[in-house]
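Pasting work-v6.txt here (compact mmCIF, C-alpha atoms):
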# COMPACT_ATOMS: atom_id res chain seq x y z
CA MET A 23 70.80 98.26 -127.96
CA GLU A 24 72.19 99.80 -124.83
CA ILE A 25 70.16 100.08 -121.64
CA ARG A 26 71.09 102.46 -118.86
CA LEU A 27 70.16 101.43 -115.34
CA LYS A 28 70.30 103.29 -112.07
CA PRO A 29 73.35 102.19 -110.06
CA GLU A 30 71.14 100.52 -107.43
CA THR A 31 69.27 98.55 -110.09
CA GLU A 32 72.47 97.52 -111.82
CA SER A 33 73.91 96.38 -108.50
CA ARG A 34 70.82 94.27 -107.79
CA LEU A 35 70.96 92.81 -111.29
CA ASN A 36 74.61 91.89 -110.94
CA GLU A 37 73.94 90.32 -107.54
CA LEU A 38 71.13 88.22 -108.99
CA ALA A 39 73.31 87.22 -111.93
CA SER A 40 76.06 86.14 -109.56
CA LYS A 41 73.69 84.15 -107.34
CA SER A 42 71.84 82.52 -110.23
CA GLY A 43 74.87 81.78 -112.36
CA ARG A 44 73.20 83.40 -115.37
CA PRO A 45 74.62 86.34 -117.28
CA ALA A 46 73.02 89.70 -116.51
CA ASP A 47 72.11 90.25 -120.16
CA GLU A 48 70.07 87.01 -120.18
CA LEU A 49 68.22 88.09 -117.04
CA VAL A 50 67.40 91.45 -118.63
CA GLU A 51 66.28 89.76 -121.85
CA ASP A 52 63.98 87.38 -119.95
CA ALA A 53 62.55 90.20 -117.82
CA MET A 54 61.88 92.43 -120.83
CA ALA A 55 60.30 89.61 -122.83
CA ALA A 56 57.96 88.78 -119.92
CA TYR A 57 57.14 92.47 -119.39
CA LEU A 58 56.34 93.07 -123.06
CA THR A 59 54.12 89.96 -123.16
CA GLU A 60 52.25 91.18 -120.09
CA VAL A 61 51.80 94.69 -121.52
CA ALA A 62 50.46 93.26 -124.80
CA GLU A 63 47.99 91.05 -122.90
CA LEU A 64 46.82 93.98 -120.79
CA ARG A 65 46.43 96.16 -123.88
CA SER A 66 44.27 93.44 -125.46
CA ILE A 67 42.08 93.21 -122.34
CA LEU A 68 41.64 96.98 -122.18
CA ASP A 69 40.82 97.19 -125.89
CA SER A 70 38.19 94.48 -125.41
CA ARG A 71 36.67 96.32 -122.43
CA PHE A 72 36.51 99.59 -124.37
CA ASP A 73 34.88 97.77 -127.29
CA ASP A 74 32.29 96.31 -124.88
CA ILE A 75 31.46 99.80 -123.59
CA LYS A 76 31.40 101.34 -127.08
CA ASN A 77 29.10 98.61 -128.41
CA GLY A 78 26.77 98.84 -125.39
CA ARG A 79 27.44 95.32 -124.13
CA VAL A 80 28.32 96.76 -120.71
CA GLN A 81 27.44 100.04 -119.08
CA PRO A 82 30.14 102.12 -117.43
CA ILE A 83 29.63 103.15 -113.83
CA ASP A 84 30.33 106.54 -112.33
CA GLY A 85 33.66 106.35 -110.51
CA GLU A 86 32.73 108.86 -107.80
CA ALA A 87 29.45 107.06 -107.09
CA PHE A 88 31.27 103.73 -106.91
CA PHE A 89 33.85 104.97 -104.41
CA GLU A 90 31.22 106.74 -102.32
CA ASP A 91 29.24 103.48 -102.13
CA LEU A 92 32.42 101.58 -101.28
CA ARG A 93 33.25 104.01 -98.45
CA ARG A 94 29.70 103.70 -97.12
CA ARG A 95 29.83 99.90 -97.14
CA GLU A 96 33.26 99.90 -95.48
CA GLY A 97 31.91 102.15 -92.74
CA GLU A 98 28.93 99.86 -92.18
CA PHE A 99 31.21 96.83 -92.09
CA ALA A 100 33.55 98.50 -89.59
CA LYS A 101 30.59 99.35 -87.32
CA ARG A 102 29.42 95.73 -87.34
CA ARG A 103 32.94 94.46 -86.57
CA SER A 104 33.78 96.91 -83.77
CA PRO A 105 33.43 95.61 -80.20
CA LYS A 106 30.45 96.94 -78.34
Is it possible to express this structure as structure tokens?
Amino acid sequence: MEIRLKPETESRLNELASKSGRPADELVEDAMAAYLTEVAELRSILDSRFDDIKNGRVQPIDGEAFFEDLRRREGEFAKRRSPK
């Protein structure tokens, strides 16, 4: 498989390879393996959360209502913290 990188990314990779004493292809392999593991774990978590909502174990909240409440609480907190 061939991977094309932006010149800046390739330069950073080669610099890291030089400093670490490891070949660039090993660094890319390790990074991709870690990334794919993380994506699979996240996918599993999201699937579980969607199953919880679908089965009624948790109730979704309205995003707009949540952020409005968050903004309100931040404003109240800022008022309490401001010097009088």
So what do you get for CA of Val50 (chain A) versus CA of Leu35 (chain A), distance-wise?
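Computing the Euclidean distance for CA of Val50 (chain A) and CA of Leu35 (chain A) yields 8.3 Å.
Pairwise distance (CA of Ser33 (chain A), CA of Ala46 (chain A)) equals 10.5 Å.
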Please determine an axis-aligned box that encloses all atoms of region 49-64 of chain A listed in the file, with 3 Å added on each side, and express its centre and edge lengths in Å to one decimal as JSON.
{"center_x": 57.5, "center_y": 91.0, "center_z": -120.9, "size_x": 27.4, "size_y": 13.3, "size_z": 13.8}
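Take CA of Phe88 (chain A) and CA of Asp74 (chain A): the distance between them is 19.5 Å.
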